[in-house]
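Here the structure comes first, spelled out in structure tokens, and everything after it is commentary.
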Amino acid sequence: MDMKSVEAKWQKRWLESGENEFNEKNIDKKYYVLEMFSYPSGAKLHVGHWYNFGPSDSFARFKKMQGYEVFEPMGFDAFGLPAENYAIKTGIHPQDSTLKNIETMEMQLKKMGAMFDWNHEVVTCLPDYYKWTQWLFLQLYKKGLAYRKEAPVNWCSSCNTVLANEQVQDGLCERCSTPVVRKNLTQWFFKITDYAEELLFGLDKLDWPEKTKLMQKNWIGKSTGSEIVFKTEKGSSFKVFTTRADTLFGVSYTVLAPEHPLVKKLTTKEHKKEVEDYLVETSKCNEIDRLSTQREKTGVFTGSYAINPVNGEKIPIWIADYVLFSYGTGAVMGVPAHDDRDFAFAKKYNLPVKRVIEGGELPFTEYGTLVDSGKFSGMKSEEAKKAITQELQSEGKGSLKTNYRLRDWLVSRQRYWGAPIPIIYCPHCGTVPVPESDLPVQLPYDVDFTPDGKSPLLKHEKFMNTVCPICKAPAKREPDTLDTFVCSSWYYLRYADNKNKNAPFDKDKADKYLPVDKYIGGAEHACMHLLYARFVTKALKDMGYIDFDEPFLSLVHQGTILGPDGFKMSKSRGNVVSPDEYIEKYGADAFRIYLMFGFSYIEGGPWNEKGIEAIAKFLERVERISDIANSLKNTPSQKQKGEREKQLDFVRNNTIKCVTNDMESFSFNTAVARIMELVNALYKYYGEGVDDVALFKDTVRDLVLLLAPLTPHFAEELNERAGSGKSVFRYSYPICNEKALVLDEIELAVQINNRIKCKLVVPTSCDNKEIEKRVLALPQLKEELKDGYKKIIVIPKRLVNIVK
RNA sequence: GCGGAUGUGGCGGAAUGGCAGACGCGCCAGACUUAGAAUCUGGUAUCUUCGAUGUGUGGGUUCAAGUCCCGCCAUCCGCACCA
């Protein structure tokens, strides 16, 4: 088959007939299949795109043939740094390169033969989309979920921008590998921590990989403990968070993070120089160095003392950079006897080590029985934690407290290529949100975005200078743009109603299209995109814009296709495999089914080109058997099926059953394997003589239908050759006839002490008792069983084990 | 350092606790052919045969372990002192 022309032919027909368009009339039967949209960085699709979209589309087509009205939209996550960096390097404007890349990618995506409904396309860098990203920002602002604060941030001096913690890799900028330093800036944040608990508990009901749920759970990092107030000798006080209130009598010092506001106040004259030097040292350190486990712990004494609230002991207050201001209260109590870190610190600075829990060698970090702890001595740790906290609470010195590791989402970017933050700063009215009627705040085209440490928009006077929406006085705009994760945190909603000019989406539509039934994308998004999207959905629900609180009911991560050398594909390594030449040679269908057959979808693996030739031959083999079937004259089916026919019918229905299950669970490689078996069975039957033409033809028919989701163009062509006047996707997916799977006889393995001795064929109607009887009567076992046996185990349809 | 995942023929990879290696590649053989290619068919874990050994490694549970439990090794990924 000339796949090139066949593919072009069917793509044209699908387009003309609107085959892939979502029909809202059937929305009650909707099934929303969503692949994570792509970033238009390079112009061409790479193997990863094909691996994500191809099999996912096959799943979507499978669902369609099962009678669902499938919604499979596609779009582009088009804002972001790479386009800006590319522009800085080449002088080509990000908008120009991005739109051009999108055009090329759209064309290539269409050649993939996926059933994307392009009527619902979204492109996040276009004003009709980012208008609503800005709207989202304003809603969160109104709800108190967007706020500004000064915070130490990761600064990449090469990109001249702030990086979120999760974008820093090994102390280097994730994208350009420049060492990251710390810098204070006033930034916009989304208060995702308000939803920490909901985000955590919502995980339970999601059909997501357990591993991903675990990662999100750890990312949210809930820990329950106590917050304890330490008064200082001078009268001020600070709180520490601890999960080990039971060790409170063992506190021999406390530590504040260097950024803690009390540091200045608590530092005495004698220690001022030392402390100041230490603060300078710390600020030079980037966060990664500071958090390195390799580095020895350091700290300085402030000269001040705190009072242990439980026994009035005077304990020194230290400053150390191993305490993070961003977690807990930014202060910890040091219990050297029962914490590894505190032990090391105390040894280094000669601080007392006081045991308060019975047990092994110090530091002893397990739970146990309290000693030297006043009236709490003798209690178990679990009990004491509560009792001590309760006592402190009654004196206003502490309380139970739940802490989360999750931090608020920093959304400001000092970059050009993003959605402008819709905020105006007025000298009289302060921070004023842009009125919704004034959206979008257009991103100007003529901007100098050469990095110089400032937001590019700051240098664009026409953009910056505006009037206050309230008092009409001259005012300035916010020069920062939004993190692209904001754009991608709600795109699945916009797909449902992408042309809406009055709202981001119609509530009714969103509630009907969503939630997404199957979301497919890389595991690298486990903690960022997937968490942000869940947060936005929950926030929008609470504001009444939608009725559901989870965006993605079921999630699948595809694996990664590595280079032939087993390493991640990268230009620098020179192991990038381009799909283009394969598609040119074998066609999109062969390439798609090869990707499905050659790898375990969830695992991925190194690229291996040997298999693709084989799969192309397999398709030719299917074509030949299909042509044979078409050439046979119709004759009525046999009334009484012969053994060979029963066998063929068995394989046919077994294939249907297995492939259906495999498709459902994204086990595409085994689905293809089962289809190959069916083809083998058809050839065998043909080779021995087609006695039942109708059965043969029906089986070939099922073969074509089973292949349709995997190789859409190819199956359409075979379907047409078989005389059908309509699209193969208008037929329903084959349904297994369970009766055909009931065999008259079945072969069991017979074991003695787990060693296979022989095989036994029994009628399927035999019950276990009957099977036992027959096995024990086997002449070949007579000698072995002459001394009797202990027990006999019958596993229906599998084996019999006799234990001697 | 902590956490997670993975480890099966020459290769890609299959196996609800129940006959390990489905399916495919490769290889070998046969048929067809003057010949080759293509195609179709059969074979293909290892060991010296009988029957023994085999899923990184050492234990354990079980009538039965690739699968479950405990330890170790290797590789990959995630997170970075989380109080």
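Labels used: A, B, ... for chains in the order of the structure tokens, numbers from 1 for residues in each chain, and numbers from 1 for ligands as shown.
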
Each residue of chain B lying at most 10 Å from chain A should get a row with its shortest atom-to-atom pair and the distance in Å to one decimal, counting only C-alpha atoms (C1' of nucleotides); could you produce that, ordered by chain and increasing number, as CSV?
```
residue,atom,partner,partner_atom,distance
B:G1,C1',A:Thr293,CA,7.0
B:G3,C1',A:Asn218,CA,9.0
B:G4,C1',A:Lys211,CA,7.3
B:A5,C1',A:Lys211,CA,8.7
B:U6,C1',A:Glu603,CA,9.5
B:C11,C1',A:Asn608,CA,9.4
B:G12,C1',A:Gly598,CA,5.9
B:G13,C1',A:Phe599,CA,7.2
B:A14,C1',A:Thr670,CA,7.4
B:G18,C1',A:Arg798,CA,6.6
B:C19,C1',A:Ala749,CA,5.9
B:A22,C1',A:Ala673,CA,7.9
B:C23,C1',A:Ala673,CA,4.3
B:G24,C1',A:Gly611,CA,7.6
B:C25,C1',A:Gly611,CA,6.1
B:G26,C1',A:Lys610,CA,9.5
B:U39,C1',A:Arg621,CA,9.5
B:C40,C1',A:Gly687,CA,8.6
B:U41,C1',A:Lys684,CA,9.3
B:C63,C1',A:Val803,CA,6.0
B:A64,C1',A:Asn754,CA,6.6
B:C77,C1',A:Glu524,CA,9.6
B:G78,C1',A:Met215,CA,8.2
B:C79,C1',A:Trp219,CA,8.6
B:A80,C1',A:Leu291,CA,6.8
B:C81,C1',A:Tyr322,CA,6.0
B:C82,C1',A:Arg405,CA,6.7
B:A83,C1',A:Thr242,CA,5.4
```

Practice prompt. Determine which residues of stretch 247-475 of chain A DSSP labels as alpha helix (DSSP H) from the backbone of this structure, then write them out as an NGL selection string.
Written response: :A and (263-266 or 269-284 or 287-291 or 340-349 or 381-394 or 461-464)

Practice prompt. From a DSSP pass on the backbone, collect the residues of stretch 333-572 of chain A flagged as strand (DSSP E or B) and hand them back as a ChimeraX atom specification.
Written response: /A:333-334,357,369-370,380,398-403,409-410,412-413,420,423-426,430-433,465-467,474-477,481-482,516,518-520,552,554-556,560-562

Could you please take those selected residues and save C-alpha atoms as a JSON list (two decimals), in the first residue's frame?
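Generated file (again-v8.json):
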```json
[["chain", "number", "residue", "atom", "x", "y", "z"],
["A", 333, "MET", "CA", 14.75, 24.12, 69.25],
["A", 334, "GLY", "CA", 17.98, 22.18, 69.54],
["A", 357, "ILE", "CA", 14.34, 9.71, 76.33],
["A", 369, "THR", "CA", 10.02, 6.63, 77.65],
["A", 370, "LEU", "CA", 10.73, 10.09, 79.07],
["A", 380, "LYS", "CA", 5.73, 7.37, 76.44],
["A", 398, "GLY", "CA", 2.06, 26.58, 72.67],
["A", 399, "SER", "CA", -0.44, 24.69, 70.58],
["A", 400, "LEU", "CA", -0.82, 21.74, 68.28],
["A", 401, "LYS", "CA", 0.06, 22.73, 64.78],
["A", 402, "THR", "CA", 0.07, 21.24, 61.32],
["A", 403, "ASN", "CA", 2.81, 22.35, 59.02],
["A", 409, "TRP", "CA", 3.36, 29.62, 44.19],
["A", 410, "LEU", "CA", 5.59, 32.43, 42.96],
["A", 412, "SER", "CA", 5.99, 36.82, 38.85],
["A", 413, "ARG", "CA", 8.52, 36.65, 36.08],
["A", 420, "PRO", "CA", 1.31, 40.73, 31.72],
["A", 423, "ILE", "CA", -2.20, 45.26, 38.12],
["A", 424, "ILE", "CA", -1.74, 49.03, 38.27],
["A", 425, "TYR", "CA", 0.15, 50.90, 40.97],
["A", 426, "CYS", "CA", -1.39, 54.26, 41.76],
["A", 430, "GLY", "CA", -2.09, 51.83, 45.87],
["A", 431, "THR", "CA", -2.31, 48.45, 44.21],
["A", 432, "VAL", "CA", -5.29, 48.46, 41.87],
["A", 433, "PRO", "CA", -6.43, 45.51, 39.78],
["A", 465, "ASN", "CA", 2.38, 54.65, 31.90],
["A", 466, "THR", "CA", -1.33, 54.47, 32.39],
["A", 467, "VAL", "CA", -4.00, 56.02, 34.58],
["A", 474, "PRO", "CA", -1.19, 58.90, 36.27],
["A", 475, "ALA", "CA", -0.11, 55.44, 37.39],
["A", 476, "LYS", "CA", 2.30, 52.67, 36.51],
["A", 477, "ARG", "CA", 1.60, 49.15, 35.38],
["A", 481, "THR", "CA", 4.60, 38.76, 33.48],
["A", 482, "LEU", "CA", 3.02, 35.56, 34.68],
["A", 516, "VAL", "CA", -10.93, 15.33, 31.85],
["A", 518, "LYS", "CA", -8.01, 10.58, 30.72],
["A", 519, "TYR", "CA", -4.99, 12.85, 30.94],
["A", 520, "ILE", "CA", -1.73, 11.72, 29.40],
["A", 552, "PHE", "CA", -8.12, 15.13, 35.81],
["A", 554, "SER", "CA", -7.53, 9.53, 35.48],
["A", 555, "LEU", "CA", -3.89, 10.07, 34.66],
["A", 556, "VAL", "CA", -1.30, 8.13, 32.71],
["A", 560, "THR", "CA", 10.55, 8.41, 27.85],
["A", 561, "ILE", "CA", 12.04, 7.28, 24.58],
["A", 562, "LEU", "CA", 15.77, 7.44, 25.07]]
```

Discussion item. Which residues are near B:G43? Cut-off 12 Å, only C-alpha atoms (C1' of nucleotides), ignore same chain within fewer than 5 positions. Put them as a PyMOL selection string.
Written reply: chain B and resi 27-30

Practice prompt. For each of A:Tyr492, A:Tyr545, A:Trp14, A:Tyr147, take the minimum atom-to-atom distance to A:Asp506, counting only C-alpha atoms, then give the residue where this is smallest.
Written response: A:Tyr545

Worksheet item: Near A:Thr268, within 9 Å and counting only C-alpha atoms (C1' of nucleotides), which residues show up once chain neighbours fewer than 2 positions away are dropped, as number ranges by chain?
Response: A: 264-266, 270-272, 302-304

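For the atom pair formed by atom CA of A:Ser236 and atom CA of A:Glu391, the distance is 21.2 Å, given to one decimal.
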
Might you pull out every residue within 12 Å of stretch 58-62 of chain B, with only C-alpha atoms (C1' of nucleotides) counted and same-chain residues fewer than 4 positions away left off, and present them as a PDB file with all heavy atoms, in the first residue's frame?
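result_4.pdb written:
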```pdb
ATOM      1  P     G B  17      -1.140 -11.248  41.393  1.00  0.00           P
ATOM      2  OP1   G B  17      -2.403 -11.509  42.066  1.00  0.00           O
ATOM      3  OP2   G B  17      -0.206 -10.239  41.949  1.00  0.00           O
ATOM      4  O5'   G B  17      -0.320 -12.591  41.342  1.00  0.00           O
ATOM      5  C5'   G B  17       0.272 -13.107  42.517  1.00  0.00           C
ATOM      6  C4'   G B  17       0.902 -14.425  42.170  1.00  0.00           C
ATOM      7  O4'   G B  17       1.557 -14.912  43.357  1.00  0.00           O
ATOM      8  C3'   G B  17      -0.104 -15.488  41.754  1.00  0.00           C
ATOM      9  O3'   G B  17       0.536 -16.399  40.876  1.00  0.00           O
ATOM     10  C2'   G B  17      -0.336 -16.212  43.056  1.00  0.00           C
ATOM     11  O2'   G B  17      -0.766 -17.552  42.892  1.00  0.00           O
ATOM     12  C1'   G B  17       1.093 -16.212  43.635  1.00  0.00           C
ATOM     13  N9    G B  17       1.137 -16.458  45.056  1.00  0.00           N
ATOM     14  C8    G B  17       0.280 -16.029  46.021  1.00  0.00           C
ATOM     15  N7    G B  17       0.604 -16.485  47.200  1.00  0.00           N
ATOM     16  C5    G B  17       1.735 -17.268  46.996  1.00  0.00           C
ATOM     17  C6    G B  17       2.523 -18.021  47.885  1.00  0.00           C
ATOM     18  O6    G B  17       2.366 -18.154  49.097  1.00  0.00           O
ATOM     19  N1    G B  17       3.570 -18.655  47.235  1.00  0.00           N
ATOM     20  C2    G B  17       3.830 -18.569  45.900  1.00  0.00           C
ATOM     21  N2    G B  17       4.876 -19.239  45.459  1.00  0.00           N
ATOM     22  N3    G B  17       3.102 -17.863  45.055  1.00  0.00           N
ATOM     23  C4    G B  17       2.079 -17.249  45.660  1.00  0.00           C
ATOM     24  P     G B  18      -0.008 -16.453  39.388  1.00  0.00           P
ATOM     25  OP1   G B  18       0.941 -15.678  38.578  1.00  0.00           O
ATOM     26  OP2   G B  18      -1.433 -16.180  39.323  1.00  0.00           O
ATOM     27  O5'   G B  18       0.237 -17.990  39.069  1.00  0.00           O
ATOM     28  C5'   G B  18       1.566 -18.512  39.074  1.00  0.00           C
ATOM     29  C4'   G B  18       1.521 -19.948  38.635  1.00  0.00           C
ATOM     30  O4'   G B  18       1.108 -20.771  39.736  1.00  0.00           O
ATOM     31  C3'   G B  18       0.555 -20.213  37.502  1.00  0.00           C
ATOM     32  O3'   G B  18       1.080 -21.284  36.740  1.00  0.00           O
ATOM     33  C2'   G B  18      -0.704 -20.670  38.241  1.00  0.00           C
ATOM     34  O2'   G B  18      -1.518 -21.503  37.467  1.00  0.00           O
ATOM     35  C1'   G B  18      -0.105 -21.439  39.410  1.00  0.00           C
ATOM     36  N9    G B  18      -0.902 -21.460  40.611  1.00  0.00           N
ATOM     37  C8    G B  18      -1.904 -20.612  40.984  1.00  0.00           C
ATOM     38  N7    G B  18      -2.385 -20.881  42.172  1.00  0.00           N
ATOM     39  C5    G B  18      -1.648 -21.982  42.605  1.00  0.00           C
ATOM     40  C6    G B  18      -1.704 -22.718  43.809  1.00  0.00           C
ATOM     41  O6    G B  18      -2.446 -22.535  44.779  1.00  0.00           O
ATOM     42  N1    G B  18      -0.798 -23.749  43.829  1.00  0.00           N
ATOM     43  C2    G B  18       0.077 -24.043  42.823  1.00  0.00           C
ATOM     44  N2    G B  18       0.876 -25.063  43.012  1.00  0.00           N
ATOM     45  N3    G B  18       0.149 -23.356  41.682  1.00  0.00           N
ATOM     46  C4    G B  18      -0.734 -22.357  41.655  1.00  0.00           C
ATOM     47  P     C B  68       5.865  -8.249  44.274  1.00  0.00           P
ATOM     48  OP1   C B  68       4.951  -7.120  44.022  1.00  0.00           O
ATOM     49  OP2   C B  68       7.326  -8.039  44.308  1.00  0.00           O
ATOM     50  O5'   C B  68       5.459  -8.967  45.646  1.00  0.00           O
ATOM     51  C5'   C B  68       4.124  -8.898  46.124  1.00  0.00           C
ATOM     52  C4'   C B  68       4.062  -9.478  47.514  1.00  0.00           C
ATOM     53  O4'   C B  68       4.106 -10.936  47.441  1.00  0.00           O
ATOM     54  C3'   C B  68       5.244  -9.128  48.415  1.00  0.00           C
ATOM     55  O3'   C B  68       5.079  -7.860  49.015  1.00  0.00           O
ATOM     56  C2'   C B  68       5.216 -10.262  49.430  1.00  0.00           C
ATOM     57  O2'   C B  68       4.211 -10.067  50.396  1.00  0.00           O
ATOM     58  C1'   C B  68       4.830 -11.446  48.542  1.00  0.00           C
ATOM     59  N1    C B  68       5.996 -12.209  48.039  1.00  0.00           N
ATOM     60  C2    C B  68       6.726 -12.995  48.930  1.00  0.00           C
ATOM     61  O2    C B  68       6.385 -13.027  50.122  1.00  0.00           O
ATOM     62  N3    C B  68       7.778 -13.692  48.475  1.00  0.00           N
ATOM     63  C4    C B  68       8.124 -13.638  47.191  1.00  0.00           C
ATOM     64  N4    C B  68       9.172 -14.348  46.792  1.00  0.00           N
ATOM     65  C5    C B  68       7.397 -12.830  46.261  1.00  0.00           C
ATOM     66  C6    C B  68       6.349 -12.139  46.727  1.00  0.00           C
ATOM     67  P     C B  69       6.344  -6.976  49.383  1.00  0.00           P
ATOM     68  OP1   C B  69       5.845  -5.630  49.760  1.00  0.00           O
ATOM     69  OP2   C B  69       7.358  -7.113  48.313  1.00  0.00           O
ATOM     70  O5'   C B  69       6.899  -7.706  50.677  1.00  0.00           O
ATOM     71  C5'   C B  69       6.144  -7.728  51.888  1.00  0.00           C
ATOM     72  C4'   C B  69       6.950  -8.426  52.964  1.00  0.00           C
ATOM     73  O4'   C B  69       7.092  -9.833  52.625  1.00  0.00           O
ATOM     74  C3'   C B  69       8.376  -7.941  53.106  1.00  0.00           C
ATOM     75  O3'   C B  69       8.470  -6.780  53.896  1.00  0.00           O
ATOM     76  C2'   C B  69       9.058  -9.141  53.754  1.00  0.00           C
ATOM     77  O2'   C B  69       8.776  -9.223  55.133  1.00  0.00           O
ATOM     78  C1'   C B  69       8.365 -10.300  53.037  1.00  0.00           C
ATOM     79  N1    C B  69       9.111 -10.763  51.852  1.00  0.00           N
ATOM     80  C2    C B  69      10.225 -11.593  52.040  1.00  0.00           C
ATOM     81  O2    C B  69      10.538 -11.901  53.193  1.00  0.00           O
ATOM     82  N3    C B  69      10.914 -12.034  50.962  1.00  0.00           N
ATOM     83  C4    C B  69      10.538 -11.670  49.738  1.00  0.00           C
ATOM     84  N4    C B  69      11.251 -12.136  48.701  1.00  0.00           N
ATOM     85  C5    C B  69       9.419 -10.819  49.516  1.00  0.00           C
ATOM     86  C6    C B  69       8.740 -10.387  50.587  1.00  0.00           C
ATOM     87  P     C B  70       9.656  -5.724  53.591  1.00  0.00           P
ATOM     88  OP1   C B  70       9.361  -4.527  54.395  1.00  0.00           O
ATOM     89  OP2   C B  70       9.859  -5.594  52.132  1.00  0.00           O
ATOM     90  O5'   C B  70      10.916  -6.472  54.190  1.00  0.00           O
ATOM     91  C5'   C B  70      11.061  -6.623  55.606  1.00  0.00           C
ATOM     92  C4'   C B  70      12.352  -7.358  55.909  1.00  0.00           C
ATOM     93  O4'   C B  70      12.293  -8.694  55.336  1.00  0.00           O
ATOM     94  C3'   C B  70      13.608  -6.765  55.282  1.00  0.00           C
ATOM     95  O3'   C B  70      14.103  -5.644  55.985  1.00  0.00           O
ATOM     96  C2'   C B  70      14.551  -7.960  55.329  1.00  0.00           C
ATOM     97  O2'   C B  70      15.068  -8.179  56.627  1.00  0.00           O
ATOM     98  C1'   C B  70      13.606  -9.105  54.959  1.00  0.00           C
ATOM     99  N1    C B  70      13.629  -9.385  53.511  1.00  0.00           N
ATOM    100  C2    C B  70      14.681 -10.167  53.006  1.00  0.00           C
ATOM    101  O2    C B  70      15.538 -10.585  53.793  1.00  0.00           O
ATOM    102  N3    C B  70      14.727 -10.432  51.681  1.00  0.00           N
ATOM    103  C4    C B  70      13.801  -9.950  50.867  1.00  0.00           C
ATOM    104  N4    C B  70      13.887 -10.242  49.573  1.00  0.00           N
ATOM    105  C5    C B  70      12.724  -9.146  51.349  1.00  0.00           C
ATOM    106  C6    C B  70      12.672  -8.891  52.674  1.00  0.00           C
ATOM    107  P     G B  71      14.906  -4.511  55.150  1.00  0.00           P
ATOM    108  OP1   G B  71      15.164  -3.416  56.108  1.00  0.00           O
ATOM    109  OP2   G B  71      14.214  -4.226  53.882  1.00  0.00           O
ATOM    110  O5'   G B  71      16.274  -5.242  54.811  1.00  0.00           O
ATOM    111  C5'   G B  71      17.293  -5.334  55.799  1.00  0.00           C
ATOM    112  C4'   G B  71      18.408  -6.213  55.326  1.00  0.00           C
ATOM    113  O4'   G B  71      17.891  -7.434  54.739  1.00  0.00           O
ATOM    114  C3'   G B  71      19.294  -5.673  54.220  1.00  0.00           C
ATOM    115  O3'   G B  71      20.193  -4.682  54.656  1.00  0.00           O
ATOM    116  C2'   G B  71      20.005  -6.948  53.759  1.00  0.00           C
ATOM    117  O2'   G B  71      20.999  -7.331  54.670  1.00  0.00           O
ATOM    118  C1'   G B  71      18.845  -7.949  53.813  1.00  0.00           C
ATOM    119  N9    G B  71      18.216  -8.081  52.481  1.00  0.00           N
ATOM    120  C8    G B  71      16.974  -7.658  52.082  1.00  0.00           C
ATOM    121  N7    G B  71      16.738  -7.915  50.815  1.00  0.00           N
ATOM    122  C5    G B  71      17.891  -8.542  50.361  1.00  0.00           C
ATOM    123  C6    G B  71      18.231  -9.058  49.088  1.00  0.00           C
ATOM    124  O6    G B  71      17.553  -9.060  48.056  1.00  0.00           O
ATOM    125  N1    G B  71      19.514  -9.603  49.071  1.00  0.00           N
ATOM    126  C2    G B  71      20.361  -9.644  50.159  1.00  0.00           C
ATOM    127  N2    G B  71      21.550 -10.199  49.941  1.00  0.00           N
ATOM    128  N3    G B  71      20.054  -9.178  51.356  1.00  0.00           N
ATOM    129  C4    G B  71      18.814  -8.654  51.384  1.00  0.00           C
ATOM    130  P     C B  72      20.546  -3.472  53.663  1.00  0.00           P
ATOM    131  OP1   C B  72      21.362  -2.508  54.425  1.00  0.00           O
ATOM    132  OP2   C B  72      19.303  -3.038  53.007  1.00  0.00           O
ATOM    133  O5'   C B  72      21.469  -4.172  52.562  1.00  0.00           O
ATOM    134  C5'   C B  72      22.773  -4.632  52.909  1.00  0.00           C
ATOM    135  C4'   C B  72      23.349  -5.442  51.783  1.00  0.00           C
ATOM    136  O4'   C B  72      22.398  -6.463  51.372  1.00  0.00           O
ATOM    137  C3'   C B  72      23.607  -4.684  50.488  1.00  0.00           C
ATOM    138  O3'   C B  72      24.795  -3.920  50.525  1.00  0.00           O
ATOM    139  C2'   C B  72      23.668  -5.820  49.471  1.00  0.00           C
ATOM    140  O2'   C B  72      24.902  -6.508  49.540  1.00  0.00           O
ATOM    141  C1'   C B  72      22.557  -6.732  49.983  1.00  0.00           C
ATOM    142  N1    C B  72      21.273  -6.474  49.293  1.00  0.00           N
ATOM    143  C2    C B  72      21.125  -6.934  47.971  1.00  0.00           C
ATOM    144  O2    C B  72      22.063  -7.527  47.441  1.00  0.00           O
ATOM    145  N3    C B  72      19.968  -6.709  47.314  1.00  0.00           N
ATOM    146  C4    C B  72      18.978  -6.064  47.924  1.00  0.00           C
ATOM    147  N4    C B  72      17.854  -5.871  47.241  1.00  0.00           N
ATOM    148  C5    C B  72      19.092  -5.576  49.263  1.00  0.00           C
ATOM    149  C6    C B  72      20.248  -5.805  49.908  1.00  0.00           C
ATOM    150  P     C B  73      24.855  -2.568  49.679  1.00  0.00           P
ATOM    151  OP1   C B  73      26.088  -1.867  50.083  1.00  0.00           O
ATOM    152  OP2   C B  73      23.556  -1.879  49.761  1.00  0.00           O
ATOM    153  O5'   C B  73      25.041  -3.119  48.192  1.00  0.00           O
ATOM    154  C5'   C B  73      26.194  -3.870  47.833  1.00  0.00           C
ATOM    155  C4'   C B  73      26.085  -4.322  46.401  1.00  0.00           C
ATOM    156  O4'   C B  73      24.955  -5.222  46.258  1.00  0.00           O
ATOM    157  C3'   C B  73      25.782  -3.221  45.387  1.00  0.00           C
ATOM    158  O3'   C B  73      26.936  -2.490  45.040  1.00  0.00           O
ATOM    159  C2'   C B  73      25.219  -4.028  44.226  1.00  0.00           C
ATOM    160  O2'   C B  73      26.244  -4.681  43.497  1.00  0.00           O
ATOM    161  C1'   C B  73      24.386  -5.071  44.959  1.00  0.00           C
ATOM    162  N1    C B  73      22.972  -4.662  45.110  1.00  0.00           N
ATOM    163  C2    C B  73      22.120  -4.790  43.988  1.00  0.00           C
ATOM    164  O2    C B  73      22.581  -5.240  42.928  1.00  0.00           O
ATOM    165  N3    C B  73      20.817  -4.423  44.101  1.00  0.00           N
ATOM    166  C4    C B  73      20.365  -3.941  45.250  1.00  0.00           C
ATOM    167  N4    C B  73      19.071  -3.591  45.298  1.00  0.00           N
ATOM    168  C5    C B  73      21.198  -3.779  46.394  1.00  0.00           C
ATOM    169  C6    C B  73      22.485  -4.159  46.277  1.00  0.00           C
TER     170        C B  73
END
```

Discussion item. Residues within 6 Å of stretch 347-355 of chain A, please, as a list in words. Count only C-alpha atoms (C1' of nucleotides); anything in the same chain fewer than 5 positions from it doesn't count.
Written reply: Gly250, Ser252, Pro336 and Ala337 of chain A

Worksheet entry | Minimum-distance residue to A:Ala60, chosen among A:Gly418, A:Pro712, A:Pro316, A:Pro127 (using only C-alpha atoms) |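 Smallest separation from A:Ala60 among the options: A:Pro712.
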
Item to complete: Grab the atom CA of A:Lys64 to atom CA of A:Phe666 distance for me, in Å with one decimal place.
Response: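 We find that atom CA of A:Lys64 and atom CA of A:Phe666 lie 15.5 Å from each other.
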